[in-house]
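Novice: Just passing along the structure, written as structure tokens.
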There are 2 protein chains.
Amino acid sequence: MPANRQILLDNRPVGQATASNFRLVRTETPALQDGQVLVRHHYLSLDPYMRGRMNDGKSYAKPQPLGQVMIGGTVGEVIESRHPDFRSGDQVLGTGGWQEYSVADGGAPGALRKVDASQTPLSYYLGAVGMPGVTAWYGLVEIIQPKAGDTVVVSAAAGAVGSAFAALAKARGCRVAGIAGGPEKCRYAVEELGFDACIDHRQHPDIKSMSQALKAACPDGIDGHFENVGGHILDAVLLRANAFARIAVCGMVAGYDGQPLPLQNPALILTNRLKLQGFIVGEHMKVWPQALQELSALVAQGKLRPRESIAQGIESAPEAFLGLLKGKNFGKQLVKLV
Amino acid sequence: MPANRQILLDNRPVGQATASNFRLVRTETPALQDGQVLVRHHYLSLDPYMRGRMNDGKSYAKPQPLGQVMIGGTVGEVIESRHPDFRSGDQVLGTGGWQEYSVADGGAPGALRKVDASQTPLSYYLGAVGMPGVTAWYGLVEIIQPKAGDTVVVSAAAGAVGSAFAALAKARGCRVAGIAGGPEKCRYAVEELGFDACIDHRQHPDIKSMSQALKAACPDGIDGHFENVGGHILDAVLLRANAFARIAVCGMVAGYDGQPLPLQNPALILTNRLKLQGFIVGEHMKVWPQALQELSALVAQGKLRPRESIAQGIESAPEAFLGLLKGKNFGKQLVKLV
């Protein structure tokens with residue numbers, strides 16, 4: 001059996017996550033038992049939700065256990081199979097984690113899904129045509145429920161979710177404004193991703209300034225918002241929200257490292273009759289086929305052209321992940337493992 | 001024409017509202033024009049939303065104009081009519097404001113509605129079988145959408161909305177916990193209103209203590225919450241909310257007098273996949289007939305037995321209103337004008 005390299009969560013962050021929270025180990029891949037499949041990972045997905053799992057304490061998911069392989073989505077190729085549904089050479093999507101190889105139970109629901117990389121690049125199944133794309137779809141279609149002509153906003157606009165959000169919102173006739181970190185990302189959002197406007201949050205580090213920037217970017221107010229960040233961005237959006245606006249709450253990255261970040265003026269929920277709704281896309285599997293179909297079509301039509309930030313080799317995963325948390329990535333952050 | 005006494009908003013509160021914000025004036029009721037109806041008010045309704053209208057600034061409704069009669073719901077009797085749909089002696093519900101008589105346009109939609117006081121006491125049309133009752137109904141039925149066995153919570157439990165909420169929730173097989181100010185109100189909530197438990201917020205003035213009290217009152221967590229108050233009560237409820245809990249935001253009385261009260265931990269919206277939704281019942285007129293029918297039936301069956309706090313005479317309205325804001329009322333706060 002081939003040798004494997006794995007990244008374990010060694011200890012939990014105190015404040016910001018650092019490379020020393022992780023540990024690289026070498027192991028042997030085990031011999032397969034009946035029903036099991038050995039997968040060689042081509043790409044590992046890095047996603048902001050992983051930061052939340054590194055913390056201990058009550059959350060929607062159990063914390064990542066210490067001393068075990070970091071969780072994560074993977075695409076790869078079947079090397080060996082003792083399950084009738086899979087054979088060597090099959091390309092598969094799974095949750096193999098931060099390692100070069102994984103052993104999956106071929107019969108467990110959702111553990112392993114065959115994908116077709118002839119039309120769609122394999123890596124896209126971790127991004128635009130995968131979990132991040134469906135995340136954007138669910139928040140937009142099921143929570144924000146936009147009408148043509150609505151103005152919608154997304155934070156972390158240049159990331160995997162934000163870029164899919166823009167394409168999906170434009171397809172529905174919305175004005176779509178993004179919020180991203182730095183002039184390069186904002187230019188990219190407008191020139192390549194189809195955003196009508198993009199606000200550099202580094203230029204607007206407080207509620208008042210961000211609120212003024214949103215006023216300029218959204219002259220008709222905000223009807224829907226997709227929140228990936230929280231903190232002063234969400235506060236400012238609420239100040240510009242129209243009556244009956246819908247806020248899909250998908251991420252609160254701003255608060256992962258320390259104390260909770262208060263929402264400054266919750267009375268706006270009442271005065272503007274807002275709806276705020278948190279969601280986790282993995283709990284809404286029934287929408288995935290419909291969402292993936294639309295996302296694939298947008299990619300095929302060239303209306304969704306995802307960019308990828310690709311780190312090389314499993315040993316680069318911790319630094320690439322820490323960079324993602326700081327917003328260093330352009331589009332989907334991946335680690336290439338072959 | 002009869003002489004009239006009116007309460008005007010004289011000046012806006014700085015911080016807490018006070019009696020000096022109001023001014024009593026004597027006027028003559030004007031001669032009627034075609035289409036107009038003169039109503040003698042029997043009862044004036046006092047409601048927390050009026051405090052919000054006393055402030056200037058952007059909100060869901062225009063501020064109460066200075067120098068004009070305070071807005072408010074009224075029930076009374078037609079004294080004179082120049083509209084074919086109304087005649088002397090008709091009992092009517094309207095929004096006559098803080099005065100003894102009002103002149104209404106008999107044809108304006110929603111301005112004046114004939115009511116039947118033979119079965120339901122006239123004053124109930126301002127409470128259990130009126131706007132507060134429908135408010136409870138909308139928040140519970142349309143936003144919280146409870147299932148039998150759910151645990152639901154309401155703040156300002158002993159008020160007009162809270163008492164209707166309890167009856168409606170019990171009719172749906174819920175466990176219902178209230179939050180009210182003082183042991184007397186809590187006893188009343190449990191013994192007379194049908195609450196399964198009631199928490200005295202004066203005994204639990206911070207998030208941690210309130211959260212512990214909620215844990216005891218709601219051993220299976222909270223599935224739905226109806227917020228009338230905001231502040232540390234809402235913070236504590238979020239800490240005890242089950243996954244997918246729904247929060248109907250109807251009032252933020254805690255923040256009316258001054259600076260906005262932050263929501264301490266909005267990340268809970270994500271981690272618990274909560275829905276928070278603000279609403280104003282006057283924007284959902286289509287549910288009123290259905291809601292009023294259920295509320296009338298609950299009253300007729302003795303399952304909703306509203307208590308009323310009745311002040312006497314228009315001159316008592318300001319003090320009664322300030323008392324309402326401080327929670328001095330038991331049940332619906334009214335001013336009796338005849």
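Residue names in the structure tokens use chain letters A, B, ... in the order shown, residue numbers from 1 in each chain, and ligand numbers from 1 in the order shown.
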Check every residue of chain B for an atom within 8 Å of chain A, counting only C-alpha atoms, and provide those that qualify as a ChimeraX atom specification.
Specialist: /B:59-60,243,249-252,255,260-267,269-280
Novice: May I have all residues of segment 8-250 of chain B that DSSP, computed from the backbone, assigns to alpha helix (DSSP H), given as a PyMOL selection string?
Specialist: chain B and resi 49-54+131-137+160-171+183-191+207-217+232-240
Novice: I'd like the contact shell of Glu28 of chain B - 12 Å cut-off, only C-alpha atoms, skipping same-chain residues fewer than 2 positions apart - returned as a PyMOL selection string.
Specialist: chain B and resi 1-6+25-26+30-32+99-103
Novice: Selected residues, C-alpha atoms, written as a PDB file, in the first residue's frame, please.
Specialist:
```
ATOM      1  CA  MET B   1     -71.060  70.029  18.786  1.00  0.00           C
ATOM      2  CA  PRO B   2     -69.597  68.545  21.975  1.00  0.00           C
ATOM      3  CA  ALA B   3     -66.412  69.853  23.545  1.00  0.00           C
ATOM      4  CA  ASN B   4     -63.370  67.660  23.139  1.00  0.00           C
ATOM      5  CA  ARG B   5     -60.230  67.119  25.142  1.00  0.00           C
ATOM      6  CA  GLN B   6     -57.077  65.985  23.369  1.00  0.00           C
ATOM      7  CA  VAL B  25     -55.881  70.857  25.157  1.00  0.00           C
ATOM      8  CA  ARG B  26     -59.613  71.609  24.922  1.00  0.00           C
ATOM      9  CA  PRO B  30     -65.919  70.399  14.181  1.00  0.00           C
ATOM     10  CA  ALA B  31     -69.132  70.315  12.143  1.00  0.00           C
ATOM     11  CA  LEU B  32     -69.223  67.209   9.940  1.00  0.00           C
ATOM     12  CA  GLN B  99     -58.885  62.311  22.617  1.00  0.00           C
ATOM     13  CA  GLU B 100     -62.504  62.013  23.668  1.00  0.00           C
ATOM     14  CA  TYR B 101     -64.055  62.445  20.242  1.00  0.00           C
ATOM     15  CA  SER B 102     -62.795  62.010  16.719  1.00  0.00           C
ATOM     16  CA  VAL B 103     -64.053  62.698  13.243  1.00  0.00           C
TER      17      VAL B 103
END
```
Novice: Determine, using only C-alpha atoms, which residues of segment 279-311 of chain A have any atom at most 12 Å from an atom of segment 170-178 of chain A, and tabulate each with its shortest atom pair and distance in Å to one decimal place, rows ordered by chain and then rising number, as a Markdown table.
Specialist:
```
| residue | atom | partner | partner_atom | distance |
| --- | --- | --- | --- | --- |
| A:Glu294 | CA | A:Ala171 | CA | 10.0 |
| A:Leu295 | CA | A:Ala171 | CA | 10.8 |
| A:Ala297 | CA | A:Ala171 | CA | 11.2 |
| A:Leu298 | CA | A:Ala171 | CA | 8.8 |
| A:Gln301 | CA | A:Ala171 | CA | 11.6 |
| A:Lys303 | CA | A:Ala171 | CA | 8.8 |
| A:Leu304 | CA | A:Ala171 | CA | 10.3 |
```
Novice: Which of segment 149-333 of chain B end up as strand (DSSP E) when DSSP is run on this backbone - answer as a short mmCIF file (atom, residue, chain, number, x, y, z; two decimals) with N, CA, C and O atoms, in the first residue's frame?
Specialist:
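Result file is states-v2.cif:
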```
data_model
loop_
_atom_site.label_atom_id
_atom_site.label_comp_id
_atom_site.auth_asym_id
_atom_site.auth_seq_id
_atom_site.Cartn_x
_atom_site.Cartn_y
_atom_site.Cartn_z
N THR B 151 -41.20 24.11 22.38
CA THR B 151 -41.17 25.07 23.48
C THR B 151 -41.05 26.47 22.89
O THR B 151 -40.15 26.74 22.10
N VAL B 152 -41.99 27.33 23.30
CA VAL B 152 -41.96 28.71 22.82
C VAL B 152 -41.93 29.66 24.02
O VAL B 152 -42.41 29.32 25.10
N VAL B 153 -41.35 30.82 23.79
CA VAL B 153 -41.14 31.80 24.86
C VAL B 153 -41.65 33.15 24.39
O VAL B 153 -41.58 33.46 23.19
N VAL B 154 -42.17 33.94 25.33
CA VAL B 154 -42.56 35.31 24.99
C VAL B 154 -42.12 36.23 26.12
O VAL B 154 -42.26 35.89 27.30
N SER B 155 -41.57 37.38 25.75
CA SER B 155 -41.26 38.40 26.75
C SER B 155 -42.45 39.34 26.86
O SER B 155 -43.31 39.38 25.99
N ARG B 175 -45.28 23.79 24.79
CA ARG B 175 -44.90 24.28 26.11
C ARG B 175 -44.60 25.76 25.95
O ARG B 175 -43.89 26.16 25.02
N VAL B 176 -45.15 26.60 26.85
CA VAL B 176 -44.96 28.04 26.68
C VAL B 176 -44.44 28.65 27.98
O VAL B 176 -45.02 28.47 29.05
N ALA B 177 -43.31 29.31 27.85
CA ALA B 177 -42.68 29.99 28.99
C ALA B 177 -42.75 31.48 28.77
O ALA B 177 -42.57 31.96 27.64
N GLY B 178 -43.03 32.21 29.84
CA GLY B 178 -43.10 33.67 29.76
C GLY B 178 -41.95 34.32 30.50
O GLY B 178 -41.30 33.71 31.33
N ILE B 179 -41.73 35.57 30.16
CA ILE B 179 -40.78 36.41 30.89
C ILE B 179 -41.53 37.69 31.24
O ILE B 179 -42.14 38.31 30.36
N ALA B 180 -41.57 38.04 32.53
CA ALA B 180 -42.32 39.21 32.97
C ALA B 180 -41.60 39.85 34.15
O ALA B 180 -40.65 39.27 34.70
N ALA B 197 -44.48 28.08 32.63
CA ALA B 197 -43.46 28.64 33.52
C ALA B 197 -43.36 30.12 33.22
O ALA B 197 -43.71 30.55 32.11
N CYS B 198 -42.91 30.90 34.19
CA CYS B 198 -42.69 32.32 33.93
C CYS B 198 -41.47 32.79 34.72
O CYS B 198 -41.32 32.46 35.91
N ILE B 199 -40.61 33.52 34.04
CA ILE B 199 -39.35 34.00 34.63
C ILE B 199 -39.48 35.48 34.96
O ILE B 199 -39.89 36.28 34.11
N ASP B 200 -39.12 35.84 36.19
CA ASP B 200 -39.12 37.24 36.61
C ASP B 200 -37.81 37.88 36.18
O ASP B 200 -36.75 37.58 36.75
N ILE B 222 -35.26 26.03 23.41
CA ILE B 222 -36.27 26.95 22.89
C ILE B 222 -36.38 26.78 21.37
O ILE B 222 -35.40 26.88 20.66
N ASP B 223 -37.60 26.54 20.91
CA ASP B 223 -37.83 26.37 19.47
C ASP B 223 -38.37 27.63 18.81
O ASP B 223 -38.21 27.82 17.61
N GLY B 224 -39.05 28.44 19.61
CA GLY B 224 -39.60 29.67 19.06
C GLY B 224 -39.65 30.73 20.14
O GLY B 224 -39.83 30.42 21.32
N HIS B 225 -39.45 31.98 19.74
CA HIS B 225 -39.44 33.07 20.71
C HIS B 225 -40.12 34.28 20.10
O HIS B 225 -39.90 34.60 18.92
N PHE B 226 -40.90 34.95 20.92
CA PHE B 226 -41.59 36.17 20.49
C PHE B 226 -41.00 37.32 21.32
O PHE B 226 -41.20 37.37 22.53
N GLU B 227 -40.28 38.21 20.64
CA GLU B 227 -39.53 39.24 21.36
C GLU B 227 -40.27 40.56 21.39
O GLU B 227 -40.55 41.15 20.34
N ALA B 241 -31.47 28.76 22.42
CA ALA B 241 -32.24 28.39 21.24
C ALA B 241 -31.76 27.07 20.67
O ALA B 241 -30.56 26.83 20.56
N ASN B 242 -32.69 26.23 20.33
CA ASN B 242 -32.37 24.99 19.62
C ASN B 242 -32.01 25.29 18.17
O ASN B 242 -32.33 26.36 17.64
N ALA B 243 -31.39 24.33 17.52
CA ALA B 243 -31.14 24.46 16.08
C ALA B 243 -32.47 24.73 15.38
O ALA B 243 -33.50 24.15 15.73
N PHE B 244 -32.43 25.64 14.42
CA PHE B 244 -33.59 25.98 13.58
C PHE B 244 -34.70 26.71 14.35
O PHE B 244 -35.85 26.73 13.92
N ALA B 245 -34.37 27.31 15.48
CA ALA B 245 -35.37 28.09 16.20
C ALA B 245 -35.74 29.34 15.42
O ALA B 245 -34.96 29.85 14.62
N ARG B 246 -36.97 29.80 15.64
CA ARG B 246 -37.49 30.99 14.95
C ARG B 246 -37.78 32.07 15.98
O ARG B 246 -38.45 31.81 16.98
N ILE B 247 -37.31 33.28 15.69
CA ILE B 247 -37.48 34.41 16.61
C ILE B 247 -38.30 35.48 15.89
O ILE B 247 -37.85 36.06 14.91
N ALA B 248 -39.49 35.73 16.38
CA ALA B 248 -40.32 36.81 15.86
C ALA B 248 -39.99 38.08 16.63
O ALA B 248 -40.11 38.10 17.85
N VAL B 249 -39.56 39.11 15.92
CA VAL B 249 -39.13 40.34 16.58
C VAL B 249 -40.23 41.38 16.41
O VAL B 249 -40.47 41.89 15.31
N LYS B 275 -33.60 31.72 12.60
CA LYS B 275 -34.26 32.74 11.78
C LYS B 275 -34.76 33.83 12.73
O LYS B 275 -35.49 33.54 13.67
N LEU B 276 -34.37 35.06 12.48
CA LEU B 276 -34.92 36.22 13.20
C LEU B 276 -35.69 37.04 12.18
O LEU B 276 -35.16 37.38 11.12
N GLN B 277 -36.91 37.38 12.51
CA GLN B 277 -37.70 38.14 11.55
C GLN B 277 -38.52 39.21 12.27
O GLN B 277 -39.26 38.92 13.21
N GLY B 278 -38.35 40.43 11.81
CA GLY B 278 -39.14 41.53 12.35
C GLY B 278 -40.44 41.68 11.58
O GLY B 278 -40.51 41.36 10.40
N GLU B 308 -57.45 43.51 32.10
CA GLU B 308 -57.27 44.87 31.60
C GLU B 308 -56.83 45.78 32.74
O GLU B 308 -57.31 45.65 33.86
N SER B 309 -55.93 46.69 32.42
CA SER B 309 -55.58 47.77 33.35
C SER B 309 -56.23 49.02 32.80
O SER B 309 -55.90 49.44 31.69
N ILE B 310 -57.16 49.57 33.58
CA ILE B 310 -57.97 50.66 33.03
C ILE B 310 -57.73 51.95 33.79
O ILE B 310 -57.97 52.02 35.00
N ALA B 311 -57.22 52.95 33.09
CA ALA B 311 -57.08 54.29 33.66
C ALA B 311 -58.34 55.08 33.31
O ALA B 311 -59.01 54.80 32.30
N GLN B 312 -58.68 56.05 34.13
CA GLN B 312 -59.95 56.75 33.95
C GLN B 312 -59.71 58.18 33.47
O GLN B 312 -59.02 58.95 34.16
N LYS B 332 -53.92 44.20 29.20
CA LYS B 332 -54.11 45.30 28.27
C LYS B 332 -54.28 46.64 28.97
O LYS B 332 -55.14 46.77 29.86
N GLN B 333 -53.50 47.63 28.60
CA GLN B 333 -53.63 48.97 29.18
C GLN B 333 -54.61 49.80 28.35
O GLN B 333 -54.41 50.00 27.16
#
```
Novice: Would you mind telling me which residue in A:Ala104, A:Met70, A:Ala156, A:Val161 lies nearest to Lys326 of chain A when using only C-alpha atoms?
Specialist: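 The answer is A:Ala156, which sits nearest to Lys326 of chain A.
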